[in-house]
>>> print(open('my_file-v8.cif').read())   # mmCIF, C-alpha atoms and all ligand atoms
data_coords
loop_
_atom_site.group_PDB
_atom_site.id
_atom_site.type_symbol
_atom_site.label_atom_id
_atom_site.label_comp_id
_atom_site.auth_asym_id
_atom_site.auth_seq_id
_atom_site.Cartn_x
_atom_site.Cartn_y
_atom_site.Cartn_z
ATOM 1 C CA MET A 24 0.261 -9.430 -27.815
ATOM 2 C CA PRO A 25 3.626 -11.043 -27.226
ATOM 3 C CA ASP A 26 4.229 -14.424 -28.815
ATOM 4 C CA PRO A 27 3.342 -17.410 -26.584
ATOM 5 C CA ILE A 28 6.839 -17.998 -25.239
ATOM 6 C CA ALA A 29 7.415 -14.311 -24.592
ATOM 7 C CA ALA A 30 4.046 -14.135 -22.879
ATOM 8 C CA ARG A 31 5.000 -17.043 -20.660
ATOM 9 C CA CYS A 32 8.255 -15.337 -19.696
ATOM 10 C CA LEU A 33 6.324 -12.189 -18.832
ATOM 11 C CA ARG A 34 3.738 -14.107 -16.824
ATOM 12 C CA LEU A 35 6.527 -15.706 -14.820
ATOM 13 C CA ALA A 36 8.067 -12.296 -14.286
ATOM 14 C CA TRP A 37 4.703 -10.984 -13.170
ATOM 15 C CA GLN A 38 4.413 -13.848 -10.680
ATOM 16 C CA GLY A 39 7.775 -12.758 -9.323
ATOM 17 C CA TRP A 40 6.503 -9.200 -9.041
ATOM 18 C CA CYS A 41 3.442 -10.382 -7.143
ATOM 19 C CA ALA A 42 5.688 -12.436 -4.852
ATOM 20 C CA GLY A 43 7.798 -9.396 -4.060
ATOM 21 C CA THR A 44 10.997 -10.363 -5.807
ATOM 22 C CA LEU A 45 12.760 -9.007 -8.848
ATOM 23 C CA PRO A 46 10.416 -9.813 -11.727
ATOM 24 C CA VAL A 47 12.212 -11.928 -14.287
ATOM 25 C CA GLY A 48 10.888 -15.007 -16.056
ATOM 26 C CA ALA A 49 12.852 -17.614 -18.010
ATOM 27 C CA VAL A 50 11.797 -20.467 -20.281
ATOM 28 C CA VAL A 51 13.886 -23.107 -22.053
ATOM 29 C CA THR A 52 12.549 -24.596 -25.284
ATOM 30 C CA ASP A 53 13.852 -27.548 -27.285
ATOM 31 C CA ALA A 54 14.241 -27.958 -31.039
ATOM 32 C CA THR A 55 10.490 -28.322 -31.505
ATOM 33 C CA GLY A 56 9.676 -25.244 -29.453
ATOM 34 C CA THR A 57 8.394 -27.331 -26.579
ATOM 35 C CA VAL A 58 8.934 -25.813 -23.153
ATOM 36 C CA VAL A 59 11.280 -28.038 -21.145
ATOM 37 C CA ALA A 60 11.873 -25.658 -18.222
ATOM 38 C CA ALA A 61 10.176 -22.537 -16.888
ATOM 39 C CA GLU A 62 11.141 -20.527 -13.823
ATOM 40 C CA ARG A 63 11.075 -17.081 -12.297
ATOM 41 C CA GLY A 64 13.467 -15.118 -10.156
ATOM 42 C CA ARG A 65 13.447 -16.052 -6.473
ATOM 43 C CA MET A 66 16.097 -13.873 -4.898
ATOM 44 C CA PHE A 67 13.679 -12.673 -2.284
ATOM 45 C CA GLY A 68 11.400 -15.418 -1.051
ATOM 46 C CA SER A 69 11.185 -19.123 -0.438
ATOM 47 C CA ALA A 70 11.284 -21.978 -2.901
ATOM 48 C CA PRO A 71 8.726 -24.745 -2.783
ATOM 49 C CA GLY A 72 10.188 -27.835 -4.393
ATOM 50 C CA ALA A 73 13.624 -29.319 -4.646
ATOM 51 C CA GLY A 74 16.371 -28.322 -7.017
ATOM 52 C CA ARG A 75 15.536 -24.647 -6.967
ATOM 53 C CA LEU A 76 17.524 -21.760 -5.581
ATOM 54 C CA ALA A 77 15.746 -19.087 -3.578
ATOM 55 C CA GLY A 78 16.531 -16.422 -1.045
ATOM 56 C CA CYS A 79 20.061 -15.872 -2.306
ATOM 57 C CA ALA A 80 21.801 -13.523 -4.698
ATOM 58 C CA ILE A 81 22.153 -16.107 -7.445
ATOM 59 C CA ALA A 82 18.521 -17.284 -7.445
ATOM 60 C CA HIS A 83 17.935 -15.789 -10.861
ATOM 61 C CA ALA A 84 15.206 -17.063 -13.167
ATOM 62 C CA GLU A 85 17.713 -18.213 -15.747
ATOM 63 C CA ILE A 86 19.773 -20.190 -13.246
ATOM 64 C CA ASN A 87 16.717 -21.984 -11.896
ATOM 65 C CA ALA A 88 15.469 -22.775 -15.399
ATOM 66 C CA LEU A 89 18.856 -24.040 -16.561
ATOM 67 C CA ALA A 90 19.180 -26.114 -13.389
ATOM 68 C CA ARG A 91 16.276 -28.201 -14.687
ATOM 69 C CA LEU A 92 18.421 -29.520 -17.537
ATOM 70 C CA PRO A 93 20.514 -32.659 -17.044
ATOM 71 C CA THR A 94 24.275 -32.450 -16.950
ATOM 72 C CA GLU A 95 24.788 -34.796 -19.865
ATOM 73 C CA GLY A 96 24.685 -33.681 -23.446
ATOM 74 C CA ARG A 97 24.810 -30.444 -25.330
ATOM 75 C CA ARG A 98 21.804 -28.544 -26.576
ATOM 76 C CA PRO A 99 22.623 -26.483 -29.642
ATOM 77 C CA ASP A 100 18.949 -26.675 -30.628
ATOM 78 C CA HIS A 101 17.669 -25.354 -27.282
ATOM 79 C CA THR A 102 16.881 -21.731 -26.537
ATOM 80 C CA LEU A 103 16.803 -19.884 -23.243
ATOM 81 C CA HIS A 104 14.131 -17.170 -23.378
ATOM 82 C CA VAL A 105 14.233 -14.475 -20.707
ATOM 83 C CA SER A 106 11.985 -11.515 -20.014
ATOM 84 C CA LEU A 107 14.989 -9.290 -19.334
ATOM 85 C CA GLU A 108 18.533 -9.031 -20.599
ATOM 86 C CA PRO A 109 20.571 -11.504 -18.531
ATOM 87 C CA CYS A 110 23.299 -10.565 -16.117
ATOM 88 C CA LEU A 111 26.885 -11.682 -16.499
ATOM 89 C CA MET A 112 26.298 -14.824 -14.443
ATOM 90 C CA CYS A 113 23.299 -15.932 -16.465
ATOM 91 C CA VAL A 114 24.870 -15.265 -19.843
ATOM 92 C CA GLY A 115 27.754 -17.443 -18.710
ATOM 93 C CA ALA A 116 25.373 -20.091 -17.394
ATOM 94 C CA ALA A 117 23.615 -20.263 -20.750
ATOM 95 C CA GLY A 118 26.954 -20.885 -22.404
ATOM 96 C CA MET A 119 28.058 -23.447 -19.842
ATOM 97 C CA THR A 120 24.765 -25.305 -20.276
ATOM 98 C CA ALA A 121 25.662 -25.696 -23.951
ATOM 99 C CA LEU A 122 22.603 -23.983 -25.349
ATOM 100 C CA GLY A 123 22.520 -22.736 -28.888
ATOM 101 C CA ARG A 124 20.602 -19.544 -28.354
ATOM 102 C CA LEU A 125 19.669 -17.012 -25.743
ATOM 103 C CA ARG A 126 16.776 -14.672 -26.476
ATOM 104 C CA PHE A 127 15.861 -11.845 -24.141
ATOM 105 C CA LEU A 128 12.916 -9.474 -24.388
ATOM 106 C CA GLY A 129 13.742 -6.257 -22.560
ATOM 107 C CA ALA A 130 17.030 -4.433 -22.331
ATOM 108 C CA ASP A 131 18.559 -3.951 -18.894
ATOM 109 C CA PRO A 132 20.829 -0.922 -18.995
ATOM 110 C CA TYR A 133 21.884 -1.509 -15.389
ATOM 111 C CA ALA A 134 22.974 -5.132 -14.975
ATOM 112 C CA GLY A 135 22.394 -6.516 -18.455
ATOM 113 C CA ALA A 136 25.535 -8.204 -19.724
ATOM 114 C CA SER A 137 24.574 -9.806 -23.011
ATOM 115 C CA ARG A 138 27.505 -8.129 -24.694
ATOM 116 C CA HIS A 139 30.004 -9.082 -22.084
ATOM 117 C CA PHE A 140 29.987 -12.749 -22.946
ATOM 118 C CA ARG A 141 33.542 -13.983 -23.216
ATOM 119 C CA ARG A 142 34.600 -17.015 -25.103
ATOM 120 C CA THR A 143 36.772 -19.846 -23.902
ATOM 121 C CA PRO A 144 37.937 -22.867 -25.890
ATOM 122 C CA TYR A 145 35.002 -24.776 -24.466
ATOM 123 C CA LEU A 146 32.478 -22.111 -25.385
ATOM 124 C CA ASP A 147 33.945 -21.867 -28.853
ATOM 125 C CA GLU A 148 32.754 -25.416 -29.437
ATOM 126 C CA LEU A 149 29.150 -24.286 -29.137
ATOM 127 C CA PRO A 150 28.726 -20.708 -30.277
ATOM 128 C CA LEU A 151 25.952 -19.181 -28.267
ATOM 129 C CA ARG A 152 23.790 -16.861 -30.291
ATOM 130 C CA VAL A 153 22.328 -14.011 -28.276
ATOM 131 C CA ASP A 154 19.265 -12.187 -29.595
ATOM 132 C CA GLY A 155 17.663 -9.159 -28.062
ATOM 133 C CA PRO A 156 16.205 -6.872 -27.057
ATOM 134 C CA VAL A 157 12.864 -7.495 -28.693
ATOM 135 C CA ARG A 158 11.108 -4.432 -29.963
ATOM 136 C CA GLY A 159 7.527 -3.669 -29.168
ATOM 137 C CA THR A 160 5.412 -4.419 -26.185
ATOM 138 C CA ALA A 161 7.143 -7.620 -25.062
ATOM 139 C CA GLY A 162 10.490 -5.889 -24.769
ATOM 140 C CA ALA A 163 8.943 -2.850 -23.130
ATOM 141 C CA LEU A 164 7.140 -4.944 -20.537
ATOM 142 C CA GLY A 165 10.236 -7.013 -19.788
ATOM 143 C CA SER A 166 12.246 -3.878 -19.101
ATOM 144 C CA ALA A 167 9.453 -1.967 -17.385
ATOM 145 C CA LEU A 168 8.687 -4.742 -14.893
ATOM 146 C CA HIS A 169 12.282 -4.580 -13.777
ATOM 147 C CA LEU A 170 12.262 -0.807 -13.491
ATOM 148 C CA ALA A 171 8.936 -0.914 -11.656
ATOM 149 C CA TYR A 172 10.495 -3.137 -9.022
ATOM 150 C CA TYR A 173 13.192 -0.565 -8.330
ATOM 151 C CA LEU A 174 10.714 2.304 -8.334
ATOM 152 C CA ARG A 175 8.575 0.472 -5.814
ATOM 153 C CA THR A 176 11.301 -0.806 -3.508
ATOM 154 C CA ALA A 177 14.345 1.420 -3.910
ATOM 155 C CA PRO A 178 13.570 4.585 -5.871
ATOM 156 C CA GLU A 179 16.921 6.082 -4.953
ATOM 157 C CA ALA A 180 18.876 3.050 -6.145
ATOM 158 C CA PRO A 181 21.541 3.536 -8.802
ATOM 159 C CA ALA A 182 19.495 1.344 -11.116
ATOM 160 C CA VAL A 183 16.753 3.982 -11.252
ATOM 161 C CA ALA A 184 19.241 6.691 -12.113
ATOM 162 C CA VAL A 185 20.686 4.536 -14.892
ATOM 163 C CA HIS A 186 17.232 3.938 -16.345
ATOM 164 C CA ARG A 187 16.347 7.618 -16.071
ATOM 165 C CA ARG A 188 19.457 8.464 -18.029
ATOM 166 C CA THR A 189 19.215 5.732 -20.672
ATOM 167 C CA MET A 190 15.538 4.723 -20.930
ATOM 168 C CA PRO A 191 13.459 7.634 -19.610
ATOM 169 C CA GLU A 192 10.508 6.699 -21.805
ATOM 170 C CA LEU A 193 10.090 3.525 -19.753
ATOM 171 C CA PHE A 194 9.006 5.267 -16.558
ATOM 172 C CA ASP A 195 5.419 5.835 -17.588
ATOM 173 C CA LEU A 196 4.858 2.156 -18.287
ATOM 174 C CA ALA A 197 6.650 1.176 -15.077
ATOM 175 C CA ARG A 198 4.393 3.454 -13.052
ATOM 176 C CA ARG A 199 1.322 1.960 -14.681
ATOM 177 C CA ILE A 200 2.574 -1.511 -13.746
ATOM 178 C CA ILE A 201 2.867 -0.380 -10.138
ATOM 179 C CA GLU A 202 -0.750 0.756 -10.264
ATOM 180 C CA LEU A 203 -1.959 -2.729 -11.238
ATOM 181 C CA ASP A 204 -3.589 -4.874 -8.599
ATOM 182 C CA SER A 205 -1.046 -7.573 -7.827
ATOM 183 C CA ARG A 206 -3.026 -9.337 -5.107
ATOM 184 C CA ASP A 207 -4.180 -12.018 -7.527
ATOM 185 C CA PRO A 208 -1.252 -12.904 -9.793
ATOM 186 C CA ASP A 209 -3.344 -14.793 -12.329
ATOM 187 C CA ALA A 210 -6.136 -12.279 -12.687
ATOM 188 C CA ALA A 211 -3.821 -9.330 -12.791
ATOM 189 C CA THR A 212 -1.727 -10.854 -15.559
ATOM 190 C CA ALA A 213 -4.534 -9.849 -17.902
ATOM 191 C CA GLY A 214 -4.110 -6.297 -16.702
ATOM 192 C CA LEU A 215 -0.432 -6.460 -17.472
ATOM 193 C CA PHE A 216 -1.055 -7.465 -21.057
ATOM 194 C CA ASP A 217 -3.813 -4.909 -21.378
ATOM 195 C CA LEU A 218 -1.068 -2.343 -21.012
ATOM 196 C CA CYS A 219 0.152 -3.641 -24.371
ATOM 197 C CA THR A 220 -3.019 -2.583 -26.093
ATOM 198 C CA ALA A 221 -3.580 0.612 -24.156
ATOM 199 C CA PRO A 222 -2.691 3.823 -25.937
ATOM 200 C CA ALA A 223 1.065 3.968 -25.885
ATOM 201 C CA ARG A 224 2.400 6.457 -23.406
ATOM 202 C CA HIS A 225 5.828 4.973 -23.697
ATOM 203 C CA ARG A 226 8.300 3.907 -26.240
ATOM 204 C CA ALA A 227 9.640 0.421 -26.484
ATOM 205 C CA GLY A 228 12.981 1.390 -25.054
ATOM 206 C CA GLN A 229 16.407 1.434 -26.449
ATOM 207 C CA THR A 230 18.308 -1.213 -28.190
ATOM 208 C CA ALA A 231 21.248 -2.924 -26.601
ATOM 209 C CA THR A 232 23.519 -0.534 -28.370
ATOM 210 C CA GLY A 233 21.767 2.437 -26.854
ATOM 211 C CA GLU A 234 20.342 3.549 -30.155
ATOM 212 C CA PRO A 235 16.854 5.002 -30.043
ATOM 213 C CA ASP A 236 14.191 2.431 -30.761
ATOM 214 C CA PRO A 237 12.148 3.643 -33.718
ATOM 215 C CA GLY A 238 8.995 2.298 -32.144
ATOM 216 C CA PRO A 239 7.022 -0.823 -31.350
ATOM 217 C CA ARG A 240 6.501 -3.371 -34.046
ATOM 218 C CA ALA A 241 3.144 -5.058 -34.214
ATOM 219 C CA THR A 242 4.543 -8.570 -34.255
ATOM 220 C CA GLY A 243 6.829 -8.293 -31.267
ATOM 221 C CA GLU A 244 9.333 -10.332 -33.217
ATOM 222 C CA PRO A 245 13.006 -10.220 -32.359
ATOM 223 C CA GLU A 246 14.822 -7.403 -33.965
ATOM 224 C CA PRO A 247 16.634 -8.887 -36.941
ATOM 225 C CA GLY A 248 20.346 -8.500 -36.824
ATOM 226 C CA ARG A 249 20.371 -7.058 -33.322
ATOM 227 C CA GLN A 250 22.343 -9.764 -31.681
ATOM 228 C CA THR A 251 25.671 -10.551 -30.242
ATOM 229 C CA THR A 252 27.770 -13.549 -30.894
ATOM 230 C CA GLY A 253 29.818 -13.436 -27.791
ATOM 231 C CA GLU A 254 32.417 -11.029 -28.964
ATOM 232 C CA PRO A 255 33.699 -8.563 -26.432
ATOM 233 C CA ASP A 256 32.158 -5.163 -26.733
ATOM 234 C CA PRO A 257 34.670 -2.642 -25.537
ATOM 235 C CA GLY A 258 32.300 0.151 -26.330
ATOM 236 C CA ARG A 259 29.637 -0.853 -23.877
ATOM 237 C CA ARG A 260 29.784 0.649 -20.468
ATOM 238 C CA ALA A 261 30.226 -1.697 -17.522
ATOM 239 C CA THR A 262 26.704 -1.982 -16.224
ATOM 240 C CA ASP A 263 27.353 -3.849 -13.031
ATOM 241 C CA GLY A 264 29.629 -1.309 -11.506
ATOM 242 C CA GLY A 265 26.943 0.026 -9.219
ATOM 243 C CA ARG A 266 26.259 -3.252 -7.503
ATOM 244 C CA GLY A 267 28.686 -2.590 -4.764
ATOM 245 C CA SER A 268 27.089 0.696 -3.855
ATOM 246 C CA ALA A 269 23.962 1.602 -1.979
ATOM 247 C CA GLY A 270 20.934 -0.254 -3.148
ATOM 248 C CA ALA A 271 23.025 -3.174 -4.294
ATOM 249 C CA GLU A 272 20.555 -5.624 -2.795
ATOM 250 C CA ALA A 273 18.059 -4.477 -5.348
ATOM 251 C CA GLY A 274 20.576 -4.609 -8.141
ATOM 252 C CA ARG A 275 20.314 -8.310 -8.637
ATOM 253 C CA ARG A 276 17.546 -10.566 -9.711
HETATM 254 ZN ZN ZN B 1 21.165 -13.332 -13.902
#
>>> encode(input="my_file-v8.cif", output="structure tokens")
Amino acid sequence: MPDPIAARCLRLAWQGWCAGTLPVGAVVTDATGTVVAAERGRMFGSAPGAGRLAGCAIAHAEINALARLPTEGRRPDHTLHVSLEPCLMCVGAAGMTALGRLRFLGADPYAGASRHFRRTPYLDELPLRVDGPVRGTAGALGSALHLAYYLRTAPEAPAVAVHRRTMPELFDLARRIIELDSRDPDAATAGLFDLCTAPARHRAGQTATGEPDPGPRATGEPEPGRQTTGEPDPGRRATDGGRGSAGAEAGRR
């Protein structure tokens, strides 16, 4: 099973899936590990409650979670946990919110931008540590939920082609997610995590560098040393280039 914070991110993502939007969940924890903000993506749908974006292209889980934090102060001891590798906007938002760490579970070979973080003099004052993807079931579920959304809503979208090329082993898990009963978000969450214990028909995915993942680890712990520190990565392909093409509406979360 994923650790408690990872599980909460995945439950939030699952709630997004059940609500018909891109399934991404985000949680902010403080120095003690206490959850101080928890949100899900709301690009497609309404938003009960104030102070929450919904129904727009920037209503990402990370943005809504970070919007819960006050303007004042810096938070080098806070961590933003996300079920999926953040996009360029959300990586930047984590930096601008003065967090110390960003941890994502699943790689996103399409719009993930964890390695495109660029420093400014301001951001140099608070180096943002970025960890991810997480090996094992938590990372696989984070990525597969995202792929499942595309398979269900826009199977011809560029995002599907990118996943087929870079993470083909993820398709089996994504298809099994689609088969789950999503009519009751709470009850079906158990089914989602049962996929973790079912006989593996998938591999955990690829690392952010595109290297083959040697396989799930029982603990679901972050992969040691697999992190970025905000340095430009000229070797990584621009992953958001397809957003302006057909299916772009599904290319955001
Ligand atoms: Zn984002």
>>> closest_residue(input="my_file-v8.cif", among="A:Ile200, A:Phe67, A:Gly48, A:Met112", to="ligand ZN 1 (chain B)", atoms="all atoms listed in the file")
A:Met112
>>> closest_residue(input="my_file-v8.cif", among="A:Pro93, A:Pro27, A:Gly123, A:Pro156", to="Asp53 in chain A", atoms="all atoms listed in the file")
A:Gly123
>>> axis_aligned_box(input="my_file-v8.cif", around="range 133-147 of chain A", padding_each_side="4 Å", output="lines of an AutoDock Vina configuration file")
center_x = 29.9
center_y = -13.1
center_z = -21.9
size_x = 24.1
size_y = 31.3
size_z = 21.9
>>> residues_near_ligand(input="my_file-v8.cif", ligand="ligand ZN 1 (chain B)", cutoff="12 Å", atoms="all atoms listed in the file", output="JSON, numbers by chain")
{"A": [45, 46, 47, 48, 49, 63, 64, 65, 66, 79, 80, 81, 82, 83, 84, 85, 86, 87, 88, 89, 105, 106, 107, 108, 109, 110, 111, 112, 113, 114, 115, 116, 117, 127, 131, 133, 134, 135, 136, 137, 263, 274, 275, 276]}
>>> closest_residue(input="my_file-v8.cif", among="A:Gly74, A:Gly118, A:Pro25, A:Pro181", to="Arg152 in chain A", atoms="all atoms listed in the file")
A:Gly118
>>> atom_distance(input="my_file-v8.cif", atom1="CA of Val59 in chain A", atom2="CA of Met119 in chain A")
17.4 Å
>>> atom_distance(input="my_file-v8.cif", atom1="CA of Tyr145 in chain A", atom2="CA of Ala60 in chain A")
24.0 Å
>>> closest_residue(input="my_file-v8.cif", among="A:Leu122, A:Leu170, A:Val153, A:Ala184", to="Trp40 in chain A", atoms="all atoms listed in the file")
A:Leu170
>>> closest_residue(input="my_file-v8.cif", among="A:Thr57, A:Met24, A:His101, A:Tyr173", to="Arg187 in chain A", atoms="all atoms listed in the file")
A:Tyr173
>>> residues_around(input="my_file-v8.cif", residues="Tyr172 in chain A", least_positions_apart="2", cutoff="9 Å", atoms="all atoms listed in the file", output="list of chain:residue names")
A:Trp40, A:Gly43, A:Thr44, A:Leu45, A:Pro46, A:Ala167, A:Leu168, A:His169, A:Leu170, A:Leu174, A:Arg175, A:Thr176, A:Ala177, A:Pro178, A:Ala197, A:Ile201, A:Ala273
>>> atom_distance(input="my_file-v8.cif", atom1="CA of Ser166 in chain A", atom2="CA of Asp100 in chain A")
26.4 Å
>>> closest_residue(input="my_file-v8.cif", among="A:Ser205, A:Pro132, A:Arg138, A:Gly159", to="Pro191 in chain A", atoms="only C-alpha atoms")
A:Pro132
>>> decode(input="my_file-v8.cif", residues="range 143-155 of chain A", atoms="N, CA and C atoms", output="PDB file, in the first residue's frame")
ATOM      1  N   THR A 143      15.390  31.832 -10.375  1.00  0.00           N
ATOM      2  CA  THR A 143      15.523  33.276 -10.419  1.00  0.00           C
ATOM      3  C   THR A 143      16.230  33.668  -9.123  1.00  0.00           C
ATOM      4  N   PRO A 144      16.661  34.900  -8.999  1.00  0.00           N
ATOM      5  CA  PRO A 144      17.271  35.297  -7.717  1.00  0.00           C
ATOM      6  C   PRO A 144      16.353  35.013  -6.538  1.00  0.00           C
ATOM      7  N   TYR A 145      15.081  35.244  -6.714  1.00  0.00           N
ATOM      8  CA  TYR A 145      14.146  34.957  -5.619  1.00  0.00           C
ATOM      9  C   TYR A 145      14.120  33.465  -5.296  1.00  0.00           C
ATOM     10  N   LEU A 146      14.018  32.648  -6.308  1.00  0.00           N
ATOM     11  CA  LEU A 146      13.931  31.206  -6.066  1.00  0.00           C
ATOM     12  C   LEU A 146      15.240  30.633  -5.549  1.00  0.00           C
ATOM     13  N   ASP A 147      16.332  31.314  -5.824  1.00  0.00           N
ATOM     14  CA  ASP A 147      17.604  30.864  -5.277  1.00  0.00           C
ATOM     15  C   ASP A 147      17.649  31.000  -3.758  1.00  0.00           C
ATOM     16  N   GLU A 148      16.811  31.884  -3.221  1.00  0.00           N
ATOM     17  CA  GLU A 148      16.805  32.069  -1.776  1.00  0.00           C
ATOM     18  C   GLU A 148      16.192  30.866  -1.063  1.00  0.00           C
ATOM     19  N   LEU A 149      15.383  30.125  -1.739  1.00  0.00           N
ATOM     20  CA  LEU A 149      14.734  28.959  -1.148  1.00  0.00           C
ATOM     21  C   LEU A 149      14.810  27.797  -2.127  1.00  0.00           C
ATOM     22  N   PRO A 150      15.908  27.118  -2.167  1.00  0.00           N
ATOM     23  CA  PRO A 150      16.030  26.014  -3.130  1.00  0.00           C
ATOM     24  C   PRO A 150      14.921  25.001  -2.949  1.00  0.00           C
ATOM     25  N   LEU A 151      14.206  24.793  -4.006  1.00  0.00           N
ATOM     26  CA  LEU A 151      13.106  23.825  -3.984  1.00  0.00           C
ATOM     27  C   LEU A 151      13.651  22.464  -4.386  1.00  0.00           C
ATOM     28  N   ARG A 152      13.492  21.520  -3.509  1.00  0.00           N
ATOM     29  CA  ARG A 152      13.931  20.159  -3.812  1.00  0.00           C
ATOM     30  C   ARG A 152      12.755  19.418  -4.440  1.00  0.00           C
ATOM     31  N   VAL A 153      13.031  18.778  -5.561  1.00  0.00           N
ATOM     32  CA  VAL A 153      11.964  18.048  -6.263  1.00  0.00           C
ATOM     33  C   VAL A 153      12.310  16.562  -6.267  1.00  0.00           C
ATOM     34  N   ASP A 154      11.426  15.762  -5.699  1.00  0.00           N
ATOM     35  CA  ASP A 154      11.626  14.314  -5.641  1.00  0.00           C
ATOM     36  C   ASP A 154      10.557  13.606  -6.454  1.00  0.00           C
ATOM     37  N   GLY A 155      10.962  12.615  -7.190  1.00  0.00           N
ATOM     38  CA  GLY A 155      10.003  11.827  -7.937  1.00  0.00           C
ATOM     39  C   GLY A 155      10.608  11.368  -9.257  1.00  0.00           C
TER      40      GLY A 155
END
